[in-house]
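*Asks:* Compact mmCIF, C-alpha atoms and all ligand atoms, saved as run_28.txt, coming up:
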```txt
# COMPACT_ATOMS: atom_id res chain seq x y z
CA MET A 1 46.33 76.89 -13.94
CA ASN A 2 45.76 77.83 -17.55
CA LEU A 3 43.44 75.87 -19.79
CA ALA A 4 46.11 74.40 -22.04
CA PHE A 5 47.95 73.02 -19.05
CA ALA A 6 44.73 71.56 -17.63
CA ALA A 7 44.05 69.90 -20.99
CA LEU A 8 47.58 68.47 -21.02
CA LEU A 9 47.08 67.04 -17.55
CA LEU A 10 43.93 65.32 -18.79
CA LEU A 11 45.85 63.83 -21.70
CA VAL A 12 48.66 62.43 -19.54
CA ARG A 13 46.33 61.23 -16.77
CA PRO A 14 47.15 57.57 -16.08
CA PRO A 15 44.36 55.14 -17.01
CA ALA A 16 41.93 54.64 -14.16
CA ASP A 17 41.69 51.27 -12.52
CA LEU A 18 38.92 49.19 -14.11
CA SER A 19 37.11 48.29 -10.91
CA ASP A 20 37.35 51.86 -9.57
CA PHE A 21 35.99 53.09 -12.87
CA ALA A 22 33.12 50.58 -12.74
CA LYS A 23 32.41 51.52 -9.12
CA SER A 24 32.04 55.15 -10.13
CA TYR A 25 29.13 53.88 -12.28
CA GLY A 26 27.71 51.77 -9.48
CA LEU A 27 28.86 48.68 -11.38
CA GLU A 28 30.89 45.63 -10.54
CA ALA A 29 33.69 44.82 -13.02
CA ASP A 30 33.89 41.03 -13.05
CA VAL A 31 37.01 39.89 -14.90
CA ARG A 32 36.63 36.13 -15.15
CA LYS A 33 39.66 34.05 -14.22
CA SER A 34 38.42 30.62 -15.29
CA THR A 35 35.93 28.73 -17.44
CA PHE A 36 32.33 29.28 -16.36
CA THR A 37 28.69 28.77 -17.25
CA ASP A 38 26.17 31.27 -15.90
CA GLN A 39 22.61 30.05 -15.87
CA ALA A 40 20.10 32.63 -16.98
CA ARG A 41 16.38 32.21 -17.53
CA GLY A 42 16.13 29.72 -20.40
CA TYR A 43 19.70 30.06 -21.67
CA THR A 44 23.30 29.88 -20.53
CA VAL A 45 26.12 32.37 -20.89
CA SER A 46 29.52 30.73 -20.83
CA GLY A 47 33.12 31.56 -21.47
CA THR A 48 36.72 31.24 -20.42
CA GLU A 49 39.27 33.36 -18.62
CA ALA A 50 39.77 36.96 -19.77
CA THR A 51 43.53 36.81 -20.25
CA ASP A 52 45.79 39.66 -19.14
CA ALA A 53 47.03 39.94 -22.71
CA ALA A 54 43.54 40.61 -24.06
CA MET A 55 42.51 42.86 -21.16
CA GLU A 56 45.67 44.94 -21.49
CA SER A 57 44.38 46.95 -24.45
CA TYR A 58 40.66 46.31 -24.09
CA ARG A 59 40.41 47.72 -20.58
CA GLU A 60 41.25 51.22 -21.74
CA LEU A 61 39.15 51.03 -24.89
CA TRP A 62 36.12 49.88 -22.90
CA MET A 63 36.50 52.57 -20.21
CA LYS A 64 36.90 55.25 -22.84
CA GLU A 65 33.69 54.22 -24.58
CA TRP A 66 31.76 53.68 -21.36
CA SER A 67 32.77 57.09 -20.01
CA LEU A 68 30.42 58.62 -22.58
CA TYR A 69 27.46 57.35 -20.58
CA PRO A 70 25.96 59.19 -17.63
CA SER A 71 26.21 57.05 -14.50
CA ASP A 72 22.47 57.42 -13.77
CA LEU A 73 21.80 55.42 -16.94
CA MET A 74 23.11 52.27 -15.24
CA LYS A 75 20.38 52.48 -12.62
CA THR A 76 17.68 53.28 -15.16
CA ALA A 77 18.78 50.41 -17.41
CA ARG A 78 19.28 48.15 -14.35
CA VAL A 79 22.85 47.14 -15.21
CA LYS A 80 24.76 45.98 -12.17
CA LYS A 81 27.68 44.05 -13.51
CA ILE A 82 30.09 44.02 -16.46
CA VAL A 83 31.62 40.62 -17.07
CA PHE A 84 34.80 40.32 -19.11
CA CYS A 85 35.66 36.89 -20.51
CA GLU A 86 36.91 35.19 -23.65
CA GLY A 87 35.21 32.49 -25.72
CA LEU A 88 31.90 34.12 -24.86
CA ARG A 89 28.85 32.08 -25.87
CA VAL A 90 25.10 32.17 -25.50
CA ASN A 91 24.16 28.51 -25.40
CA GLU A 92 26.58 27.34 -28.10
CA GLN A 93 26.76 30.47 -30.23
CA TYR A 94 29.89 32.61 -30.01
CA ARG A 95 29.29 36.31 -29.36
CA ALA A 96 31.48 39.38 -28.98
CA ALA A 97 29.13 40.62 -26.28
CA VAL A 98 25.92 39.63 -24.54
CA PRO A 99 23.36 41.76 -22.76
CA SER A 100 21.84 39.47 -20.12
CA PHE A 101 18.51 41.04 -19.27
CA ASP A 102 17.65 38.79 -16.37
CA LEU A 103 21.15 38.72 -14.84
CA ASP A 104 21.31 42.56 -15.05
CA ALA A 105 24.73 42.13 -16.64
CA MET A 106 26.65 42.98 -19.79
CA TYR A 107 29.26 40.46 -21.00
CA TYR A 108 32.17 41.52 -23.20
CA ASP A 109 34.88 39.46 -24.90
CA PRO A 110 38.10 41.53 -24.94
CA ALA A 111 39.77 39.30 -27.54
CA LEU A 112 37.15 38.87 -30.25
CA GLY A 113 37.64 41.40 -33.03
CA ALA A 114 40.59 43.10 -31.32
CA GLY A 115 42.42 45.36 -33.74
CA ILE A 116 39.67 45.27 -36.40
CA GLY A 117 38.92 48.96 -36.96
CA ASN A 118 35.97 50.20 -34.94
CA TYR A 119 34.53 46.71 -34.39
CA GLN A 120 34.99 46.48 -30.64
CA ARG A 121 33.90 50.07 -30.05
CA SER A 122 30.77 49.46 -32.07
CA VAL A 123 30.00 46.21 -30.22
CA ILE A 124 30.20 47.94 -26.82
CA HIS A 125 27.44 50.39 -27.73
CA HIS A 126 25.39 48.07 -29.95
CA GLU A 127 24.96 45.47 -27.21
CA PHE A 128 24.35 48.01 -24.49
CA PHE A 129 21.61 49.51 -26.62
CA HIS A 130 19.84 46.13 -26.65
CA MET A 131 19.77 46.34 -22.86
CA ILE A 132 18.32 49.88 -22.91
CA ASP A 133 15.82 48.90 -25.60
CA GLN A 134 14.69 45.87 -23.62
CA ARG A 135 14.24 48.03 -20.53
CA MET A 136 12.15 50.44 -22.63
CA LYS A 137 10.07 47.38 -23.57
CA LEU A 138 10.53 48.04 -27.28
CA LEU A 139 13.24 45.53 -28.17
CA TYR A 140 11.54 43.07 -30.53
CA ILE A 141 8.13 44.59 -31.10
CA ASP A 142 8.27 48.20 -32.14
CA PRO A 143 5.52 49.21 -34.58
CA GLU A 144 6.38 52.91 -34.34
CA TRP A 145 9.92 52.19 -35.53
CA SER A 146 8.98 49.61 -38.15
CA ALA A 147 6.51 52.07 -39.68
CA LEU A 148 9.44 54.32 -40.61
CA ASN A 149 10.83 51.77 -43.06
CA PRO A 150 10.55 52.06 -46.84
CA LYS A 151 7.23 50.78 -48.17
CA GLY A 152 7.08 47.02 -48.54
CA PHE A 153 10.15 46.35 -46.38
CA THR A 154 10.08 43.49 -43.90
CA TYR A 155 12.81 42.52 -41.47
CA GLY A 156 14.66 39.18 -41.64
CA ASN A 157 14.85 36.46 -39.03
CA GLY A 158 16.92 38.28 -36.42
CA GLY A 159 20.61 38.87 -35.87
CA ALA A 160 21.35 35.31 -34.75
CA ASN A 161 20.50 34.12 -38.27
CA MET A 162 22.73 36.65 -40.01
CA ARG A 163 26.26 35.89 -38.92
CA ASP A 164 27.99 36.91 -42.18
CA GLY A 165 31.11 38.83 -41.20
CA ASN A 166 30.41 41.55 -43.76
CA ALA A 167 26.85 42.21 -42.62
CA GLY A 168 28.08 44.80 -40.11
CA LEU A 169 29.95 46.90 -42.65
CA MET A 170 28.49 50.32 -43.24
CA THR A 171 27.05 50.83 -46.69
CA LYS A 172 25.25 53.46 -48.72
CA ASP A 173 23.54 50.81 -50.81
CA ILE A 174 20.56 49.91 -48.62
CA PRO A 175 17.88 52.62 -48.43
CA GLY A 176 16.82 53.20 -44.83
CA PHE A 177 19.67 51.18 -43.31
CA LEU A 178 23.31 51.67 -42.38
CA THR A 179 24.28 47.99 -42.52
CA ALA A 180 22.86 44.74 -43.88
CA TYR A 181 22.81 43.50 -40.29
CA GLY A 182 20.26 46.19 -39.45
CA THR A 183 17.79 44.59 -41.88
CA SER A 184 17.82 41.31 -39.93
CA GLY A 185 15.45 42.54 -37.22
CA VAL A 186 14.01 45.72 -35.75
CA GLU A 187 16.16 45.22 -32.62
CA GLU A 188 19.35 45.07 -34.72
CA ASP A 189 18.31 48.07 -36.80
CA LYS A 190 18.05 50.25 -33.68
CA ALA A 191 21.23 48.94 -32.06
CA GLU A 192 23.22 49.40 -35.29
CA LEU A 193 22.01 52.96 -35.67
CA PHE A 194 22.83 53.84 -32.07
CA ALA A 195 26.33 52.33 -32.24
CA LYS A 196 27.20 53.92 -35.58
CA LEU A 197 25.98 57.32 -34.38
CA ILE A 198 28.69 57.04 -31.75
CA VAL A 199 31.57 55.44 -33.62
CA ASP A 200 31.04 57.00 -37.06
CA ALA A 201 28.82 60.04 -36.69
CA GLU A 202 30.16 61.54 -39.90
CA PHE A 203 29.05 58.59 -42.00
CA VAL A 204 25.60 58.61 -40.39
CA ALA A 205 25.27 62.39 -40.88
CA ASP A 206 26.04 61.91 -44.55
CA ARG A 207 23.38 59.20 -44.89
CA VAL A 208 20.86 61.34 -42.97
CA LYS A 209 21.28 64.12 -45.55
CA ASN A 210 20.26 61.82 -48.38
CA ASP A 211 17.91 59.33 -46.77
CA LYS A 212 14.64 60.43 -45.16
CA VAL A 213 14.09 57.06 -43.50
CA ILE A 214 17.43 57.14 -41.70
CA ALA A 215 16.82 60.79 -40.75
CA ALA A 216 13.48 59.84 -39.18
CA LYS A 217 15.04 56.90 -37.34
CA VAL A 218 17.81 59.07 -35.88
CA LYS A 219 15.21 61.59 -34.71
CA LEU A 220 13.07 58.93 -33.03
CA LEU A 221 16.05 57.22 -31.43
CA LYS A 222 17.33 60.48 -29.94
CA LYS A 223 13.87 61.50 -28.78
CA ARG A 224 13.35 58.18 -26.99
CA LEU A 225 16.75 58.24 -25.28
CA ALA A 226 16.27 61.82 -24.08
CA ALA A 227 12.90 60.89 -22.59
CA TYR A 228 14.29 57.70 -21.06
CA GLU A 229 17.23 59.20 -19.17
CA LYS A 230 17.99 62.85 -18.49
CA GLY A 231 21.67 62.55 -19.38
CA MET A 232 20.95 60.88 -22.73
CA GLY A 233 19.68 64.02 -24.42
CA GLN A 234 21.77 66.60 -26.26
CA ALA A 235 24.45 66.53 -23.53
CA PHE A 236 25.22 62.91 -24.46
CA TRP A 237 25.54 63.63 -28.18
CA ASP A 238 27.71 66.65 -27.38
CA SER A 239 30.12 64.45 -25.43
CA VAL A 240 30.15 61.95 -28.31
CA ALA A 241 31.13 64.77 -30.67
CA LYS A 242 33.79 66.02 -28.25
CA LYS A 243 35.29 62.56 -27.92
CA THR A 244 35.34 62.11 -31.69
CA ALA A 245 37.17 65.41 -32.04
CA ALA A 246 39.67 64.44 -29.32
CA ASP A 247 40.25 61.01 -30.90
CA SER A 248 41.07 62.56 -34.24
CA LEU A 249 43.58 65.05 -32.78
CA PRO A 250 46.71 62.90 -33.17
CA MET A 251 45.78 62.29 -36.81
CA LEU A 252 45.42 66.00 -37.42
CA ALA A 253 48.80 66.55 -35.82
CA LEU A 254 50.32 63.94 -38.12
CA ARG A 255 48.81 65.56 -41.18
CA ALA A 256 50.11 69.01 -40.23
ZN ZN B 1 22.55 42.96 -31.79
```
Kindly return the structure encoded in the file as structure tokens.
*Replies:*
Amino acid sequence: MNLAFAALLLLVRPPADLSDFAKSYGLEADVRKSTFTDQARGYTVSGTEATDAAMESYRELWMKEWSLYPSDLMKTARVKKIVFCEGLRVNEQYRAAVPSFDLDAMYYDPALGAGIGNYQRSVIHHEFFHMIDQRMKLLYIDPEWSALNPKGFTYGNGGANMRDGNAGLMTKDIPGFLTAYGTSGVEEDKAELFAKLIVDAEFVADRVKNDKVIAAKVKLLKKRLAAYEKGMGQAFWDSVAKKTAADSLPMLALRA
């Protein structure tokens, strides 16, 4: 079989079944069929049915993003279950996704933000990074990271207190940060950087060239991930780059 034909086969491969895909990661895909409230330690996670209509397009998007991760990472980060539901809330606050540290589960809302640019892709990685960061025991208190910030900078009151819809937009106007949301707390800063490195590497690379603080943060983030899990070193970033290139192929074809 020649290479071009093999590549074509990959392109026309039918989408894998969600639960089979999850199983290949040692995960359970839990698509909720009714309203629920899951009790966690000191908070509740609740939501409603993940409708077929919402799952129809989200399923593939989620699998595509998740396939970037090495399966060993699930064990290291102690993630056992991915819950899909709509109307997702932590206590009474609506969220696009929730990393539940004590339930060893990630929750994702397939409907919230559907069709808004890279929003859902970014959320998948941003929230999963919170899980990794918590497992690394660096989530909220991270002096090494905070010390990289511009002199005199202090973080805000956390992401929950910055719910402005524009806070997640990437900007070149804040030295040391990719988004306003990243200034709300050290945990959001790291998660934003990780997610944007995956969904808009070009933008981040451009900022890195002109911003020493961001360059230092990228370096530290990559160093930590590589040390945390074998498959999260250069091999991971190479597959991110490959996916980006593959995603932009149809656009290139259109331009030609
Ligand atoms: Zn966050």
*Asks:* Quick one: pull the distance between atom CA of A:Tyr140 and atom CA of A:Arg41, Å, one decimal.
*Replies:* 17.6 Å
*Asks:* Within 12 Å of ligand ZN 1 (chain B), which residues show up when you count all atoms listed in the file? List them as a VMD selection string, please.
*Replies:* chain A and resid 95 to 99 122 to 131 133 to 134 139 to 140 158 to 163 167 to 168 179 181 to 195
*Asks:* For each of A:Ala245, A:Asp72, A:Val204, A:Gly152, take the minimum atom-to-atom distance to A:Gly231, counting all atoms listed in the file, then give the residue where this is smallest.
*Replies:*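 Closest to A:Gly231, using all atoms listed in the file: A:Asp72.
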*Asks:* With distances taken over only C-alpha atoms, which residue among A:Ala50, A:Tyr69, A:Asp173, A:Ala227 lies nearest A:Leu112?
*Replies:* A:Ala50
*Asks:* Have a look at A:Thr44, A:Thr244, A:Asn118, A:Thr154 and name the one nearest to A:Ala201; count only C-alpha atoms.
*Replies:* A:Thr244
*Asks:* At a cut-off of 10 Å around the point (25.6, 56.5, -16.5) (file coordinates), what residues fall inside when counting only C-alpha atoms? I'd like the answer as a PyMOL selection string.
*Replies:* chain A and resi 24-27+66-77+79+229+231-232
*Asks:* What does the structure give for the distance between atom CA of A:Val199 and atom CA of A:Trp145, in Å to one decimal?
*Replies:* 22.0 Å
*Asks:* Using all atoms listed in the file, which of the listed residues (A:Phe101, A:Tyr228, A:Ala216, A:Ala16) sits closest to A:Ser146?
*Replies:*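 Smallest distance to A:Ser146 is found for A:Ala216.
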*Asks:* What does the distance between atom CA of A:Trp62 and atom CA of A:Ala29 come to in Å, to one decimal place?
*Replies:* 11.4 Å
*Asks:* Check the smallest atom-to-atom distance from each of A:Glu56, A:Glu202, A:Glu144, A:Asp20 to A:Pro110 using all atoms listed in the file, then report the winner.
*Replies:*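 Residue with the minimum atom-to-atom distance to A:Pro110: A:Glu56.
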*Asks:* Go through A:Asp164, A:Ser46, A:Ala226, A:Lys64 one by one, measure the shortest atom-to-atom distance of each to A:Val240 using only C-alpha atoms, and give the residue with the smallest value.
*Replies:*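 Between A:Asp164, A:Ser46, A:Ala226, A:Lys64, the residue approaching A:Val240 most closely is A:Lys64.
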*Asks:* Which residues are close to A:Val208, i.e. within 12 Å by all atoms listed in the file, leaving aside same-chain residues fewer than 6 positions away? Reply as a VMD selection string.
*Replies:* chain A and resid 172 175 to 178 193 197 201 to 202 214 to 219
*Asks:* If I put a ball of radius 12 Å at (30.4, 24.6, -14.1) in the file's coordinates, which residues poke into it when counting all atoms listed in the file, written as a count of residues only?
*Replies:* 11
